[in-house]
$ cat target04.txt   # compact mmCIF, C-alpha atoms
# COMPACT_ATOMS: atom_id res chain seq x y z
CA SER A 19 119.23 84.41 38.06
CA ALA A 20 118.90 86.33 41.33
CA VAL A 21 121.58 88.83 40.32
CA LYS A 22 120.02 89.43 36.89
CA ASN A 23 116.53 89.94 38.35
CA PHE A 24 117.91 92.28 40.98
CA ALA A 25 119.77 94.25 38.31
CA ILE A 26 116.59 94.69 36.26
CA VAL A 27 114.42 95.66 39.24
CA GLY A 28 117.12 97.99 40.55
CA GLU A 29 117.76 99.40 37.08
CA THR A 30 121.48 98.88 37.45
CA ASP A 31 124.20 96.70 35.92
CA LEU A 32 125.14 93.15 36.90
CA LYS A 33 128.35 94.18 38.65
CA ALA A 34 126.64 96.69 40.95
CA SER A 35 123.77 94.27 41.53
CA ALA A 36 126.11 91.43 42.46
CA GLN A 37 128.19 93.63 44.75
CA GLY A 38 125.10 94.84 46.57
CA LEU A 39 123.64 91.36 47.02
CA VAL A 40 126.94 89.87 48.18
CA ALA A 41 127.55 92.64 50.70
CA ILE A 42 124.06 92.38 52.22
CA ALA A 43 123.88 88.58 52.12
CA THR A 44 127.27 88.22 53.77
CA ALA A 45 126.41 90.67 56.57
CA TYR A 46 123.17 88.85 57.37
CA GLY A 47 124.57 85.33 57.08
CA TYR A 48 122.97 84.25 53.80
CA GLU A 49 124.79 81.86 51.46
CA ALA A 50 125.02 82.36 47.70
CA LYS A 51 122.20 79.88 47.09
CA ASN A 52 119.89 82.26 49.00
CA TYR A 53 120.75 85.45 47.12
CA ALA A 54 117.24 85.38 45.65
CA VAL A 55 115.80 85.62 49.19
CA VAL A 56 117.92 88.70 49.90
CA GLY A 57 117.02 90.28 46.56
CA ASP A 58 113.32 89.67 47.16
CA ILE A 59 113.39 91.32 50.59
CA VAL A 60 115.39 94.37 49.47
CA ALA A 61 113.23 94.87 46.36
CA LYS A 62 109.96 94.39 48.28
CA THR A 63 111.10 96.80 51.00
CA ALA A 64 111.76 99.42 48.34
CA ALA A 65 108.37 98.80 46.75
CA SER A 66 106.71 99.17 50.17
CA SER A 67 108.39 102.49 50.82
CA MET A 68 109.32 105.75 49.14
CA ALA A 69 112.81 104.57 48.19
CA SER A 70 114.25 103.12 44.99
CA VAL A 71 115.88 99.69 44.96
CA GLN A 72 119.27 101.37 44.55
CA ASP A 73 118.62 103.62 47.56
CA MET A 74 117.41 100.66 49.60
CA THR A 75 120.48 98.63 48.67
CA GLU A 76 122.71 101.42 49.98
CA ALA A 77 120.59 101.65 53.13
CA PHE A 78 120.97 97.93 53.81
CA LYS A 79 124.72 98.07 53.23
CA GLN A 80 125.10 100.88 55.76
CA ALA A 81 122.76 99.28 58.28
CA SER A 82 124.24 95.79 57.98
CA VAL A 83 126.72 96.36 60.81
CA VAL A 84 123.81 96.03 63.28
CA ALA A 85 123.32 92.44 62.14
CA GLN A 86 126.79 91.59 63.36
CA GLN A 87 126.73 93.73 66.51
CA TYR A 88 123.17 93.13 67.73
CA GLY A 89 121.97 90.05 65.83
CA VAL A 90 119.32 91.99 63.90
CA SER A 91 117.53 90.02 61.18
CA LEU A 92 117.20 91.10 57.57
CA GLU A 93 113.41 91.32 58.01
CA ASP A 94 113.69 93.61 61.06
CA THR A 95 116.13 95.81 59.18
CA SER A 96 113.65 95.94 56.29
CA THR A 97 110.81 97.10 58.51
CA ASN A 98 112.83 99.88 60.05
CA LEU A 99 114.31 101.13 56.77
CA ALA A 100 110.85 101.17 55.17
CA LEU A 101 109.51 103.26 58.05
CA LEU A 102 112.45 105.67 57.91
CA SER A 103 111.77 106.19 54.21
CA GLN A 104 108.28 107.37 55.12
CA ILE A 105 109.79 110.36 56.88
CA GLY A 106 112.18 111.12 54.05
CA ILE A 107 115.27 109.29 55.28
CA THR A 108 116.52 107.05 52.46
CA GLY A 109 119.69 105.61 50.97
CA SER A 110 122.88 105.49 52.99
CA ALA A 111 121.44 108.12 55.35
CA ALA A 112 118.71 105.66 56.39
CA GLY A 113 121.21 102.89 57.01
CA THR A 114 123.40 105.21 59.05
CA ALA A 115 120.37 106.45 61.01
CA MET A 116 119.35 102.91 61.89
CA ARG A 117 122.87 101.96 62.89
CA ASN A 118 123.14 105.04 65.09
CA MET A 119 119.76 104.44 66.74
CA TYR A 120 120.78 100.96 67.84
CA GLY A 121 124.00 102.35 69.24
CA GLU A 122 122.13 105.15 70.95
CA LEU A 123 119.72 102.79 72.68
CA MET A 124 122.45 100.50 73.94
CA GLY A 125 124.72 103.33 75.01
CA SER A 126 122.09 105.74 76.31
CA SER A 127 122.63 107.60 79.58
CA LYS A 128 121.00 106.77 82.90
CA ARG A 129 118.58 109.66 82.42
CA ALA A 130 117.53 108.43 78.99
CA ARG A 131 117.19 104.87 80.28
CA LYS A 132 114.97 106.18 83.07
CA VAL A 133 112.64 107.77 80.53
CA LEU A 134 112.51 104.56 78.53
CA GLU A 135 112.01 102.20 81.45
CA GLN A 136 109.98 104.29 83.92
CA THR A 137 108.06 106.86 81.86
CA LEU A 138 107.50 104.87 78.68
CA LYS A 139 107.98 101.45 80.32
CA VAL A 140 109.97 100.19 77.34
CA ASP A 141 112.81 97.72 77.84
CA VAL A 142 115.28 97.50 74.95
CA TRP A 143 116.78 94.22 76.12
CA ASP A 144 115.23 90.76 75.71
CA ASN A 145 116.36 88.77 78.75
CA ALA A 146 115.07 85.48 77.36
CA ALA A 147 116.92 85.83 74.07
CA LYS A 148 119.85 87.60 75.75
CA ALA A 149 119.86 90.10 72.91
CA MET A 150 118.55 93.52 72.02
CA LYS A 151 114.93 93.58 70.93
CA PRO A 152 114.24 94.40 67.28
CA LEU A 153 114.28 98.16 66.76
CA PRO A 154 110.84 98.20 65.10
CA ALA A 155 109.40 96.54 68.23
CA ILE A 156 111.16 99.06 70.47
CA MET A 157 109.94 102.03 68.46
CA GLU A 158 106.43 100.59 68.30
CA GLY A 159 106.45 100.21 72.09
CA MET A 160 107.66 103.78 72.49
CA SER A 161 105.06 105.07 70.05
CA ASN A 162 102.24 103.22 71.83
CA ALA A 163 103.47 104.46 75.21
CA LEU A 164 103.61 108.06 74.00
CA ALA A 165 100.05 107.76 72.67
CA LYS A 166 98.85 107.13 76.25
CA LEU A 167 100.41 110.35 77.53
CA ASP A 168 98.94 113.84 77.32
CA PRO A 169 100.60 116.21 74.80
CA LYS A 170 102.69 117.99 77.45
CA SER A 171 104.03 114.72 78.84
CA GLN A 172 104.78 113.47 75.33
CA GLN A 173 106.83 116.56 74.59
CA GLN A 174 108.66 116.26 77.90
CA ALA A 175 109.53 112.60 77.33
CA LEU A 176 110.86 113.30 73.84
CA ALA A 177 112.74 116.34 75.10
CA ASP A 178 114.36 114.31 77.87
CA LEU A 179 115.46 111.72 75.33
CA GLY A 180 116.51 114.29 72.76
CA ASN A 181 118.51 116.37 75.22
CA GLU A 182 120.70 113.44 76.07
CA ARG A 183 123.71 112.88 73.86
CA GLY A 184 123.19 109.71 71.88
CA THR A 185 119.39 109.73 71.78
CA LYS A 186 118.81 112.88 69.76
CA GLN A 187 118.39 111.05 66.48
CA LEU A 188 116.15 108.40 68.03
CA ALA A 189 113.88 111.05 69.53
CA ALA A 190 113.79 113.05 66.30
CA ASN A 191 112.90 110.01 64.19
CA LEU A 192 110.28 108.85 66.67
CA ALA A 193 108.70 112.32 66.72
CA ALA A 194 108.64 112.37 62.92
CA LEU A 195 106.97 108.96 62.81
CA GLU A 196 104.44 110.08 65.38
CA GLN A 197 103.56 113.06 63.21
CA LYS A 198 103.35 110.82 60.15
CA PHE A 199 100.91 108.48 61.91
CA LYS A 200 98.86 111.48 63.03
CA ASP A 201 98.74 112.98 59.54
CA THR A 202 97.62 109.72 57.94
CA GLY A 203 95.22 108.83 60.74
CA ASP A 204 96.97 105.49 61.12
CA GLY A 205 98.00 104.10 64.49
CA ALA A 206 101.56 102.99 65.15
CA SER A 207 100.59 99.33 65.49
CA ASN A 208 98.75 99.37 62.16
CA ALA A 209 101.61 101.14 60.41
CA PHE A 210 104.19 98.66 61.67
CA GLU A 211 101.95 95.71 60.88
CA LYS A 212 101.33 96.91 57.32
CA VAL A 213 105.06 97.13 56.66
CA ARG A 214 105.73 93.72 58.20
CA ASP A 215 102.88 92.18 56.22
CA ALA A 216 104.15 93.64 52.95
CA ILE A 217 107.67 92.37 53.55
CA SER A 218 106.38 88.91 54.50
CA LYS A 219 105.11 88.63 50.92
CA ALA A 220 108.60 89.14 49.48
CA PRO A 221 109.35 85.56 48.26
CA GLY A 222 109.50 85.58 44.45
CA TYR A 223 108.94 89.34 44.24
CA ALA A 224 112.13 90.27 42.38
CA ALA A 225 111.56 87.66 39.65
CA VAL A 226 107.97 88.78 39.07
CA ALA A 227 108.89 92.47 39.12
CA ALA A 228 111.80 91.84 36.75
CA ALA A 229 109.49 90.00 34.34
CA VAL A 230 107.04 92.90 34.36
CA MET A 231 109.73 95.55 34.00
CA GLY A 232 111.44 93.50 31.30
CA GLY A 233 108.38 94.03 29.13
CA SER A 234 109.41 97.57 28.22
CA THR A 235 111.71 98.13 25.22
CA LEU A 236 114.38 99.82 27.33
CA ASN A 237 114.44 97.06 29.90
CA GLN A 238 114.44 94.38 27.20
CA ILE A 239 117.65 95.96 25.94
CA LYS A 240 119.02 96.04 29.51
CA SER A 241 117.99 92.44 30.07
CA THR A 242 119.71 91.33 26.84
CA GLY A 243 122.81 93.24 27.86
CA ALA A 244 122.74 91.67 31.30
CA ALA A 245 122.42 88.18 29.82
CA LEU A 246 125.35 88.84 27.47
CA GLU A 247 127.42 90.27 30.32
CA SER A 248 126.63 87.23 32.45
CA ALA A 249 127.64 84.87 29.62
CA LEU A 250 130.92 86.70 29.11
CA VAL A 251 131.70 86.53 32.82
CA ARG A 252 131.10 82.77 32.83
CA ALA A 253 133.18 82.33 29.66
CA PHE A 254 136.24 83.95 31.18
CA GLU A 255 135.96 82.45 34.70
$ encode --input "target04.txt" --output "C-alpha cells"
Amino acid sequence: SAVKNFAIVGETDLKASAQGLVAIATAYGYEAKNYAVVGDIVAKTAASSMASVQDMTEAFKQASVVAQQYGVSLEDTSTNLALLSQIGITGSAAGTAMRNMYGELMGSSKRARKVLEQTLKVDVWDNAAKAMKPLPAIMEGMSNALAKLDPKSQQQALADLGNERGTKQLAANLAALEQKFKDTGDGASNAFEKVRDAISKAPGYAAVAAAVMGGSTLNQIKSTGAALESALVRAFE
C-alpha cells in the first residue's frame, strides 16, 4: 500500500507515515485514493535533495499552508523545498522558510516591490491566472535578472530587498542559491530544470524504492512488522 511503501522509504512506522501522508494530501487537495501520488512526490523530492524522507515530510507539512493561501501546487512546493535543501535548509525549517517567503513577497513594501518590478523586472502576480506565480518561477526570474547585473548592482539589489522588513529571508535564500550556482558552475535555469525534471519522474518511485530497501534484513523485519501492524489495524476497525 501507499502508506506501507512510504513507511519503508521514510524508515518510520505506519502511524507516522499515515499521519504525514494524510496531512500533506489534505492540504494539497488529494483524496485517499491518490496517497501514492503524494508519497511518490515527497520521496522523490527527498531523493533529489540533501534531505531525508522524514525531513521532507516535515517540510511539506509546514509549507502546506501556502497551498491553501496562494494555490501552490504540490510539485511547485517540491521544487522549492528541494532547492532550499541544497543550501542547508531542511525539515520544518525549510517549510517555514518557504511559507515566509510567499508571505514576504505578497506583503513586501513599496521599496521592495520597486526593486522587484523595476530593477529586476520580476512580477510576482499572474494576471491571467489571478494568482501568485509559483515561487520557483519567481526565484528563477530573480536569479536570471541578477545574473545580468554587474556585481555592485547585484549587491545593491539584494541589500535593498534584505533591508526591508519581510524580504530579509527571501534575499538571504536567493543570495545563498546564487552562490551555490556559482560554486557548482550551474546556471539558475539549469538548476531549476534539473529539479523539476527529477520530480516529474516521481510516479511509482516510492514503491520501487521500498522494494529495493526492503531487500535488506533490517528493512525486511520492518516490512513484516508494518504488514502485521496494518493487519491488526484492519482487524480492529
$ atom_distance --input "target04.txt" --atom1 "atom CA of A:Lys166" --atom2 "atom CA of A:Leu99"
25.6 Å
$ atom_distance --input "target04.txt" --atom1 "atom CA of A:Leu123" --atom2 "atom CA of A:Leu39"
28.4 Å
$ closest_residue --input "target04.txt" --among "A:Val21, A:Val230, A:Leu176, A:Ala149" --to "A:Val90" --atoms "all atoms listed in the file"
A:Ala149
$ atom_distance --input "target04.txt" --atom1 "atom CA of A:Val133" --atom2 "atom CA of A:Asp178"
7.3 Å
$ closest_atom_pairs --input "target04.txt" --of "stretch 72-171 of chain A" --to "stretch 58-63 of chain A" --cutoff "8 Å" --atoms "all atoms listed in the file" --output "JSON lines"
{"residue": "A:Met74", "atom": "CA", "partner": "A:Val60", "partner_atom": "CA", "distance": 6.6}
{"residue": "A:Thr75", "atom": "CA", "partner": "A:Val60", "partner_atom": "CA", "distance": 6.7}
{"residue": "A:Phe78", "atom": "CA", "partner": "A:Val60", "partner_atom": "CA", "distance": 7.9}
{"residue": "A:Leu92", "atom": "CA", "partner": "A:Ile59", "partner_atom": "CA", "distance": 8.0}
{"residue": "A:Glu93", "atom": "CA", "partner": "A:Ile59", "partner_atom": "CA", "distance": 7.4}
{"residue": "A:Ser96", "atom": "CA", "partner": "A:Thr63", "partner_atom": "CA", "distance": 5.9}
{"residue": "A:Thr97", "atom": "CA", "partner": "A:Thr63", "partner_atom": "CA", "distance": 7.5}
{"residue": "A:Leu99", "atom": "CA", "partner": "A:Thr63", "partner_atom": "CA", "distance": 7.9}
{"residue": "A:Ala100", "atom": "CA", "partner": "A:Thr63", "partner_atom": "CA", "distance": 6.0}
$ closest_residue --input "target04.txt" --among "A:Asp94, A:Thr137, A:Ala111, A:Met116" --to "A:Arg214" --atoms "all atoms listed in the file"
A:Asp94
$ closest_residue --input "target04.txt" --among "A:Gln104, A:Ala81, A:Glu135, A:Gln173" --to "A:Met119" --atoms "only C-alpha atoms"
A:Ala81
$ closest_atom_pairs --input "target04.txt" --of "stretch 23-53 of chain A" --to "stretch 67-71 of chain A" --cutoff "12 Å" --atoms "all atoms listed in the file" --output "JSON lines"
{"residue": "A:Asn23", "atom": "CA", "partner": "A:Val71", "partner_atom": "CA", "distance": 11.8}
{"residue": "A:Phe24", "atom": "CA", "partner": "A:Val71", "partner_atom": "CA", "distance": 8.7}
{"residue": "A:Ala25", "atom": "CA", "partner": "A:Val71", "partner_atom": "CA", "distance": 9.4}
{"residue": "A:Ile26", "atom": "CA", "partner": "A:Val71", "partner_atom": "CA", "distance": 10.1}
{"residue": "A:Val27", "atom": "CA", "partner": "A:Val71", "partner_atom": "CA", "distance": 7.1}
{"residue": "A:Gly28", "atom": "CA", "partner": "A:Val71", "partner_atom": "CA", "distance": 4.9}
{"residue": "A:Glu29", "atom": "CA", "partner": "A:Val71", "partner_atom": "CA", "distance": 8.1}
{"residue": "A:Thr30", "atom": "CA", "partner": "A:Val71", "partner_atom": "CA", "distance": 9.4}
{"residue": "A:Ala34", "atom": "CA", "partner": "A:Val71", "partner_atom": "CA", "distance": 11.9}
{"residue": "A:Ser35", "atom": "CA", "partner": "A:Val71", "partner_atom": "CA", "distance": 10.2}
{"residue": "A:Gly38", "atom": "CA", "partner": "A:Val71", "partner_atom": "CA", "distance": 10.5}
{"residue": "A:Leu39", "atom": "CA", "partner": "A:Val71", "partner_atom": "CA", "distance": 11.6}
$ residues_around --input "target04.txt" --residues "A:Ala85" --least-positions-apart "4" --cutoff "7 Å" --atoms "all atoms listed in the file" --output "ChimeraX atom specification"
/A:45-46,89-91
$ residues_around --input "target04.txt" --residues "A:Ala115" --least-positions-apart "4" --cutoff "10 Å" --atoms "only C-alpha atoms" --output "PyMOL selection string"
chain A and resi 77+80-81+99+102+107-108+110-111+119-121+187-188+191
$ build_atoms --input "target04.txt" --residues "stretch 125-141 of chain A" --atoms "N, CA and C atoms" --output "mmCIF file, in the coordinates of the input"
data_model
loop_
_atom_site.group_PDB
_atom_site.id
_atom_site.type_symbol
_atom_site.label_atom_id
_atom_site.label_comp_id
_atom_site.auth_asym_id
_atom_site.auth_seq_id
_atom_site.Cartn_x
_atom_site.Cartn_y
_atom_site.Cartn_z
ATOM 1 N N GLY A 125 123.764 102.512 74.277
ATOM 2 C CA GLY A 125 124.720 103.330 75.010
ATOM 3 C C GLY A 125 124.103 104.559 75.645
ATOM 4 N N SER A 126 122.773 104.572 75.764
ATOM 5 C CA SER A 126 122.090 105.740 76.310
ATOM 6 C C SER A 126 122.424 105.979 77.777
ATOM 7 N N SER A 127 122.288 107.221 78.205
ATOM 8 C CA SER A 127 122.630 107.600 79.580
ATOM 9 C C SER A 127 121.593 107.078 80.575
ATOM 10 N N LYS A 128 121.921 107.204 81.848
ATOM 11 C CA LYS A 128 121.000 106.770 82.900
ATOM 12 C C LYS A 128 119.686 107.539 82.817
ATOM 13 N N ARG A 129 119.791 108.830 82.500
ATOM 14 C CA ARG A 129 118.580 109.660 82.420
ATOM 15 C C ARG A 129 117.680 109.183 81.282
ATOM 16 N N ALA A 130 118.302 108.899 80.138
ATOM 17 C CA ALA A 130 117.530 108.430 78.990
ATOM 18 C C ALA A 130 116.924 107.060 79.281
ATOM 19 N N ARG A 131 117.703 106.195 79.929
ATOM 20 C CA ARG A 131 117.190 104.870 80.280
ATOM 21 C C ARG A 131 116.004 104.981 81.239
ATOM 22 N N LYS A 132 116.058 105.970 82.114
ATOM 23 C CA LYS A 132 114.970 106.180 83.070
ATOM 24 C C LYS A 132 113.685 106.540 82.340
ATOM 25 N N VAL A 133 113.809 107.392 81.324
ATOM 26 C CA VAL A 133 112.640 107.770 80.530
ATOM 27 C C VAL A 133 112.074 106.544 79.827
ATOM 28 N N LEU A 134 112.947 105.750 79.246
ATOM 29 C CA LEU A 134 112.510 104.560 78.530
ATOM 30 C C LEU A 134 111.840 103.547 79.452
ATOM 31 N N GLU A 135 112.479 103.274 80.580
ATOM 32 C CA GLU A 135 112.010 102.200 81.450
ATOM 33 C C GLU A 135 110.894 102.622 82.411
ATOM 34 N N GLN A 136 110.962 103.871 82.916
ATOM 35 C CA GLN A 136 109.980 104.290 83.920
ATOM 36 C C GLN A 136 108.821 105.092 83.334
ATOM 37 N N THR A 137 109.124 106.033 82.444
ATOM 38 C CA THR A 137 108.060 106.860 81.860
ATOM 39 C C THR A 137 107.328 106.115 80.745
ATOM 40 N N LEU A 138 108.110 105.557 79.826
ATOM 41 C CA LEU A 138 107.500 104.870 78.680
ATOM 42 C C LEU A 138 107.340 103.376 78.932
ATOM 43 N N LYS A 139 108.035 102.882 79.975
ATOM 44 C CA LYS A 139 107.980 101.450 80.320
ATOM 45 C C LYS A 139 108.353 100.565 79.126
ATOM 46 N N VAL A 140 109.460 100.934 78.488
ATOM 47 C CA VAL A 140 109.970 100.190 77.340
ATOM 48 C C VAL A 140 111.358 99.658 77.683
ATOM 49 N N ASP A 141 111.521 98.356 77.572
ATOM 50 C CA ASP A 141 112.810 97.720 77.840
ATOM 51 C C ASP A 141 113.430 97.322 76.505
#
